[in-house]
>>> print(open('protein.cif').read())   # mmCIF, C-alpha atoms
data_structure
loop_
_atom_site.group_PDB
_atom_site.id
_atom_site.type_symbol
_atom_site.label_atom_id
_atom_site.label_comp_id
_atom_site.auth_asym_id
_atom_site.auth_seq_id
_atom_site.Cartn_x
_atom_site.Cartn_y
_atom_site.Cartn_z
ATOM 1 C CA MET F 1 5.801 -2.771 -10.740
ATOM 2 C CA ASN F 2 4.425 -0.544 -8.022
ATOM 3 C CA VAL F 3 5.376 3.118 -8.228
ATOM 4 C CA LYS F 4 5.375 5.230 -5.083
ATOM 5 C CA LEU F 5 6.006 8.879 -4.307
ATOM 6 C CA LEU F 6 7.387 9.142 -0.784
ATOM 7 C CA THR F 7 7.364 12.627 0.754
ATOM 8 C CA VAL F 8 8.487 14.165 4.011
ATOM 9 C CA GLY F 9 5.603 16.136 5.469
ATOM 10 C CA LYS F 10 1.950 16.386 4.543
ATOM 11 C CA THR F 11 0.688 18.075 1.408
ATOM 12 C CA ASP F 12 -1.094 20.977 3.042
ATOM 13 C CA VAL F 13 -1.282 23.609 0.282
ATOM 14 C CA PRO F 14 -4.780 23.177 -1.209
ATOM 15 C CA TRP F 15 -3.914 23.816 -4.873
ATOM 16 C CA VAL F 16 -0.873 21.511 -4.634
ATOM 17 C CA LYS F 17 -3.062 18.781 -3.110
ATOM 18 C CA GLU F 18 -5.606 19.212 -5.915
ATOM 19 C CA GLY F 19 -2.886 18.925 -8.586
ATOM 20 C CA LEU F 20 -1.259 15.965 -6.873
ATOM 21 C CA ASP F 21 -4.604 14.178 -6.528
ATOM 22 C CA LEU F 22 -5.549 14.909 -10.154
ATOM 23 C CA TYR F 23 -2.361 13.487 -11.657
ATOM 24 C CA ALA F 24 -2.169 10.616 -9.164
ATOM 25 C CA SER F 25 -5.667 9.501 -10.206
ATOM 26 C CA ARG F 26 -4.734 9.751 -13.892
ATOM 27 C CA LEU F 27 -1.492 7.846 -13.306
ATOM 28 C CA ARG F 28 -3.324 4.902 -11.792
ATOM 29 C CA HIS F 29 -4.681 4.078 -15.273
ATOM 30 C CA TYR F 30 -1.097 3.235 -16.307
ATOM 31 C CA VAL F 31 0.732 1.931 -13.227
ATOM 32 C CA PRO F 32 -0.100 1.042 -9.633
ATOM 33 C CA PHE F 33 0.716 4.400 -7.997
ATOM 34 C CA THR F 34 0.595 5.567 -4.391
ATOM 35 C CA VAL F 35 1.644 8.639 -2.462
ATOM 36 C CA GLU F 36 2.997 8.093 1.028
ATOM 37 C CA GLU F 37 3.619 10.964 3.414
ATOM 38 C CA ILE F 38 6.057 10.695 6.305
ATOM 39 C CA PRO F 39 4.975 13.011 9.147
ATOM 40 C CA GLU F 40 7.156 16.064 9.703
ATOM 41 C CA LEU F 41 9.406 15.978 12.733
ATOM 42 C CA LYS F 42 8.153 17.724 15.859
ATOM 43 C CA LYS F 43 10.153 20.194 17.964
ATOM 44 C CA VAL F 44 12.946 20.682 15.427
ATOM 45 C CA SER F 45 14.009 24.133 16.641
ATOM 46 C CA ALA F 46 16.541 22.513 18.989
ATOM 47 C CA LEU F 47 18.014 20.365 16.189
ATOM 48 C CA SER F 48 20.715 21.229 13.657
ATOM 49 C CA GLU F 49 20.135 20.800 9.924
ATOM 50 C CA ASP F 50 22.268 17.636 9.983
ATOM 51 C CA GLN F 51 20.247 16.201 12.871
ATOM 52 C CA ILE F 52 17.007 16.920 11.015
ATOM 53 C CA LYS F 53 18.333 15.228 7.862
ATOM 54 C CA GLN F 54 19.480 12.258 9.931
ATOM 55 C CA LYS F 55 16.108 11.789 11.657
ATOM 56 C CA GLU F 56 14.156 12.262 8.411
ATOM 57 C CA GLY F 57 16.562 9.841 6.724
ATOM 58 C CA GLU F 58 15.796 7.155 9.289
ATOM 59 C CA LEU F 59 12.064 7.600 8.630
ATOM 60 C CA ILE F 60 12.590 7.426 4.851
ATOM 61 C CA LEU F 61 14.731 4.275 5.066
ATOM 62 C CA ARG F 62 12.082 2.536 7.197
ATOM 63 C CA GLN F 63 9.591 2.920 4.336
ATOM 64 C CA LEU F 64 11.800 1.135 1.802
ATOM 65 C CA THR F 65 12.160 -2.551 1.074
ATOM 66 C CA PRO F 66 15.387 -4.170 -0.145
ATOM 67 C CA GLN F 67 13.689 -4.815 -3.516
ATOM 68 C CA ASP F 68 12.826 -1.146 -4.129
ATOM 69 C CA THR F 69 14.594 0.953 -6.714
ATOM 70 C CA VAL F 70 14.982 4.309 -4.978
ATOM 71 C CA VAL F 71 15.138 7.574 -6.915
ATOM 72 C CA LEU F 72 15.765 10.834 -5.087
ATOM 73 C CA LEU F 73 14.343 14.080 -6.401
ATOM 74 C CA ASP F 74 17.410 16.179 -5.777
ATOM 75 C CA GLU F 75 18.694 19.489 -7.100
ATOM 76 C CA HIS F 76 21.993 17.794 -8.036
ATOM 77 C CA GLY F 77 20.324 14.975 -9.938
ATOM 78 C CA LEU F 78 20.178 14.205 -13.622
ATOM 79 C CA GLN F 79 18.019 16.533 -15.690
ATOM 80 C CA MET F 80 16.044 15.177 -18.612
ATOM 81 C CA ARG F 81 13.514 16.353 -21.124
ATOM 82 C CA SER F 82 10.091 14.739 -20.741
ATOM 83 C CA VAL F 83 10.686 12.340 -23.654
ATOM 84 C CA GLU F 84 14.024 11.285 -22.162
ATOM 85 C CA PHE F 85 12.375 10.774 -18.785
ATOM 86 C CA ALA F 86 9.714 8.601 -20.429
ATOM 87 C CA SER F 87 12.425 6.412 -21.974
ATOM 88 C CA TRP F 88 14.241 6.209 -18.624
ATOM 89 C CA LEU F 89 10.971 5.296 -16.876
ATOM 90 C CA GLU F 90 10.252 2.585 -19.439
ATOM 91 C CA LYS F 91 13.612 0.960 -18.659
ATOM 92 C CA GLN F 92 12.905 1.104 -14.938
ATOM 93 C CA LEU F 93 9.456 -0.434 -15.364
ATOM 94 C CA ALA F 94 10.921 -3.231 -17.486
ATOM 95 C CA SER F 95 13.779 -3.925 -15.069
ATOM 96 C CA GLY F 96 11.874 -6.468 -13.030
ATOM 97 C CA ALA F 97 12.275 -4.525 -9.800
ATOM 98 C CA ARG F 98 9.387 -4.895 -7.388
ATOM 99 C CA GLY F 99 8.943 -1.224 -6.568
ATOM 100 C CA LEU F 100 10.049 2.117 -7.913
ATOM 101 C CA VAL F 101 10.100 4.730 -5.143
ATOM 102 C CA PHE F 102 10.602 8.414 -5.863
ATOM 103 C CA VAL F 103 11.528 10.389 -2.735
ATOM 104 C CA ILE F 104 11.011 14.080 -1.997
ATOM 105 C CA GLY F 105 12.982 14.948 1.113
ATOM 106 C CA GLY F 106 12.579 17.672 3.668
ATOM 107 C CA ALA F 107 13.735 21.268 3.492
ATOM 108 C CA TYR F 108 17.395 20.385 4.125
ATOM 109 C CA GLY F 109 17.716 17.479 1.715
ATOM 110 C CA PHE F 110 18.751 13.912 2.426
ATOM 111 C CA SER F 111 21.053 12.212 4.911
ATOM 112 C CA PRO F 112 24.187 10.448 3.650
ATOM 113 C CA GLU F 113 22.472 7.100 4.364
ATOM 114 C CA VAL F 114 19.556 7.952 2.072
ATOM 115 C CA TYR F 115 21.950 9.046 -0.676
ATOM 116 C CA ALA F 116 23.806 5.743 -0.260
ATOM 117 C CA ARG F 117 20.566 3.764 -0.624
ATOM 118 C CA ALA F 118 19.473 5.568 -3.792
ATOM 119 C CA SER F 119 19.842 4.070 -7.240
ATOM 120 C CA ALA F 120 19.472 7.432 -8.985
ATOM 121 C CA LYS F 121 18.940 11.145 -8.469
ATOM 122 C CA LEU F 122 16.696 13.247 -10.695
ATOM 123 C CA SER F 123 16.365 17.017 -10.845
ATOM 124 C CA LEU F 124 13.259 18.691 -12.233
ATOM 125 C CA SER F 125 15.035 21.954 -12.997
ATOM 126 C CA LYS F 126 18.050 24.092 -12.253
ATOM 127 C CA MET F 127 15.593 26.280 -10.374
ATOM 128 C CA THR F 128 14.516 25.472 -6.829
ATOM 129 C CA PHE F 129 10.865 24.652 -6.170
ATOM 130 C CA SER F 130 9.139 24.338 -2.820
ATOM 131 C CA HIS F 131 8.915 20.770 -1.543
ATOM 132 C CA GLN F 132 5.144 21.145 -1.677
ATOM 133 C CA MET F 133 5.111 22.252 -5.326
ATOM 134 C CA VAL F 134 7.456 19.479 -6.452
ATOM 135 C CA ARG F 135 4.792 16.919 -5.513
ATOM 136 C CA ALA F 136 2.325 18.150 -8.121
ATOM 137 C CA VAL F 137 4.946 18.977 -10.764
ATOM 138 C CA PHE F 138 6.665 15.604 -10.505
ATOM 139 C CA THR F 139 3.406 13.631 -10.498
ATOM 140 C CA GLU F 140 2.379 15.470 -13.665
ATOM 141 C CA GLN F 141 5.712 14.512 -15.243
ATOM 142 C CA LEU F 142 5.163 10.850 -14.333
ATOM 143 C CA TYR F 143 1.730 11.035 -15.945
ATOM 144 C CA ARG F 144 3.200 12.764 -19.012
ATOM 145 C CA ALA F 145 5.852 10.039 -19.316
ATOM 146 C CA CYS F 146 3.180 7.343 -19.239
ATOM 147 C CA THR F 147 1.176 9.065 -21.978
ATOM 148 C CA ILE F 148 4.346 9.384 -24.076
ATOM 149 C CA LEU F 149 5.035 5.658 -23.676
ATOM 150 C CA LYS F 150 1.465 4.845 -24.765
ATOM 151 C CA GLY F 151 1.670 7.206 -27.748
ATOM 152 C CA GLU F 152 -1.199 9.299 -26.446
ATOM 153 C CA PRO F 153 -1.645 12.946 -27.508
ATOM 154 C CA TYR F 154 -1.083 14.650 -24.115
ATOM 155 C CA HIS F 155 2.554 15.594 -24.826
ATOM 156 C CA HIS F 156 3.419 17.721 -27.860
ATOM 157 C CA GLU F 157 6.866 17.860 -29.437
#
>>> encode(input="protein.cif", output="structure tokens")
Amino acid sequence: MNVKLLTVGKTDVPWVKEGLDLYASRLRHYVPFTVEEIPELKKVSALSEDQIKQKEGELILRQLTPQDTVVLLDEHGLQMRSVEFASWLEKQLASGARGLVFVIGGAYGFSPEVYARASAKLSLSKMTFSHQMVRAVFTEQLYRACTILKGEPYHHE
């Protein structure tokens, strides 16, 4: 199964990019993993939050195939400990789905159409992180889950 992290906007904070690249390269030893960035919308000052979500939602939906399992990283999503996330990930990888796509939306969240397309919502914390920071943090958690599933010593309980 291919695993993809789909983000709205480029990763332009240098230390976030370094962390994302580090864990993405480590992840590729376990699963086929890619990061895909949807360009940020231009001239959004004239648009409402709902219009921005709608336009970003259309761009997100264009990047998905009908066979993809879509998981939104959302503040209202399910929270899990790393070991629980590893178990959840194992089930997803064994499901036979063609692709597992994790989506980080824009500053205002997701459109109703993107929520409707999603199979699940995950939250990294009750706290709010910048959309840039979530990229590195989540990719590290994916890597951690893979090491847990392989019984490797990266994660300590």
>>> residues_around(input="protein.cif", residues="Thr65 (chain F)", least_positions_apart="6", cutoff="10 Å", atoms="all atoms listed in the file", output="list in words")
Arg98, Gly99 and Val101 of chain F
>>> write_last_selection(input="protein.cif", atoms="C-alpha atoms", output="compact mmCIF listing (two decimals), in the frame of the given file")
# COMPACT_ATOMS: atom_id res chain seq x y z
CA ARG F 98 9.39 -4.89 -7.39
CA GLY F 99 8.94 -1.22 -6.57
CA VAL F 101 10.10 4.73 -5.14
>>> residues_around(input="protein.cif", residues="Tyr23 (chain F)", least_positions_apart="5", cutoff="9 Å", atoms="only C-alpha atoms", output="ChimeraX atom specification")
/F:18,28,136,139-143
>>> resolve_selection(input="protein.cif", expression="the PyMOL selection byres ((chain F and resi 113-123) around 12)", output="VMD selection string")
chain F and resid 50 53 to 82 84 to 85 88 to 89 92 97 100 to 105 109 to 112 124 to 129 134 137 to 138 141
>>> atom_distance(input="protein.cif", atom1="CA of Ser48 (chain F)", atom2="CA of Gly106 (chain F)")
13.4 Å
>>> closest_residue(input="protein.cif", among="F:Ala94, F:Ala86, F:Ala107, F:Val8", to="Lys150 (chain F)", atoms="all atoms listed in the file")
F:Ala86
>>> build_atoms(input="protein.cif", residues="region 41-60 of chain F", atoms="N, CA and C atoms", output="mmCIF file, in the coordinates of the input")
data_model
loop_
_atom_site.group_PDB
_atom_site.id
_atom_site.type_symbol
_atom_site.label_atom_id
_atom_site.label_comp_id
_atom_site.auth_asym_id
_atom_site.auth_seq_id
_atom_site.Cartn_x
_atom_site.Cartn_y
_atom_site.Cartn_z
ATOM 1 N N LEU F 41 8.872 16.095 11.383
ATOM 2 C CA LEU F 41 9.406 15.978 12.733
ATOM 3 C C LEU F 41 8.817 17.069 13.618
ATOM 4 N N LYS F 42 8.649 16.754 14.873
ATOM 5 C CA LYS F 42 8.153 17.724 15.859
ATOM 6 C C LYS F 42 9.335 18.319 16.617
ATOM 7 N N LYS F 43 9.177 19.517 17.103
ATOM 8 C CA LYS F 43 10.153 20.194 17.964
ATOM 9 C C LYS F 43 11.562 20.200 17.350
ATOM 10 N N VAL F 44 11.656 20.689 16.120
ATOM 11 C CA VAL F 44 12.946 20.682 15.427
ATOM 12 C C VAL F 44 13.791 21.920 15.702
ATOM 13 N N SER F 45 13.251 22.899 16.405
ATOM 14 C CA SER F 45 14.009 24.133 16.641
ATOM 15 C C SER F 45 15.300 23.884 17.418
ATOM 16 N N ALA F 46 15.344 22.834 18.205
ATOM 17 C CA ALA F 46 16.541 22.513 18.989
ATOM 18 C C ALA F 46 17.532 21.650 18.203
ATOM 19 N N LEU F 47 17.164 21.265 16.976
ATOM 20 C CA LEU F 47 18.014 20.365 16.189
ATOM 21 C C LEU F 47 18.769 21.139 15.112
ATOM 22 N N SER F 48 19.952 20.649 14.765
ATOM 23 C CA SER F 48 20.715 21.229 13.657
ATOM 24 C C SER F 48 20.154 20.680 12.337
ATOM 25 N N GLU F 49 20.557 21.288 11.239
ATOM 26 C CA GLU F 49 20.135 20.800 9.924
ATOM 27 C C GLU F 49 20.559 19.340 9.729
ATOM 28 N N ASP F 50 21.788 19.015 10.130
ATOM 29 C CA ASP F 50 22.268 17.636 9.983
ATOM 30 C C ASP F 50 21.442 16.659 10.822
ATOM 31 N N GLN F 51 21.071 17.071 12.026
ATOM 32 C CA GLN F 51 20.247 16.201 12.871
ATOM 33 C C GLN F 51 18.862 15.993 12.256
ATOM 34 N N ILE F 52 18.312 17.044 11.677
ATOM 35 C CA ILE F 52 17.007 16.920 11.015
ATOM 36 C C ILE F 52 17.113 15.953 9.837
ATOM 37 N N LYS F 53 18.142 16.128 9.006
ATOM 38 C CA LYS F 53 18.333 15.228 7.862
ATOM 39 C C LYS F 53 18.497 13.786 8.326
ATOM 40 N N GLN F 54 19.249 13.603 9.402
ATOM 41 C CA GLN F 54 19.480 12.258 9.931
ATOM 42 C C GLN F 54 18.179 11.601 10.381
ATOM 43 N N LYS F 55 17.374 12.336 11.147
ATOM 44 C CA LYS F 55 16.108 11.789 11.657
ATOM 45 C C LYS F 55 15.122 11.538 10.510
ATOM 46 N N GLU F 56 15.028 12.477 9.565
ATOM 47 C CA GLU F 56 14.156 12.262 8.411
ATOM 48 C C GLU F 56 14.660 11.077 7.593
ATOM 49 N N GLY F 57 15.976 10.951 7.467
ATOM 50 C CA GLY F 57 16.562 9.841 6.724
ATOM 51 C C GLY F 57 16.184 8.496 7.318
ATOM 52 N N GLU F 58 16.188 8.410 8.627
ATOM 53 C CA GLU F 58 15.796 7.155 9.289
ATOM 54 C C GLU F 58 14.342 6.815 8.961
ATOM 55 N N LEU F 59 13.480 7.830 8.959
ATOM 56 C CA LEU F 59 12.064 7.600 8.630
ATOM 57 C C LEU F 59 11.891 7.180 7.171
ATOM 58 N N ILE F 60 12.655 7.796 6.275
ATOM 59 C CA ILE F 60 12.590 7.426 4.851
ATOM 60 C C ILE F 60 13.038 5.976 4.674
#
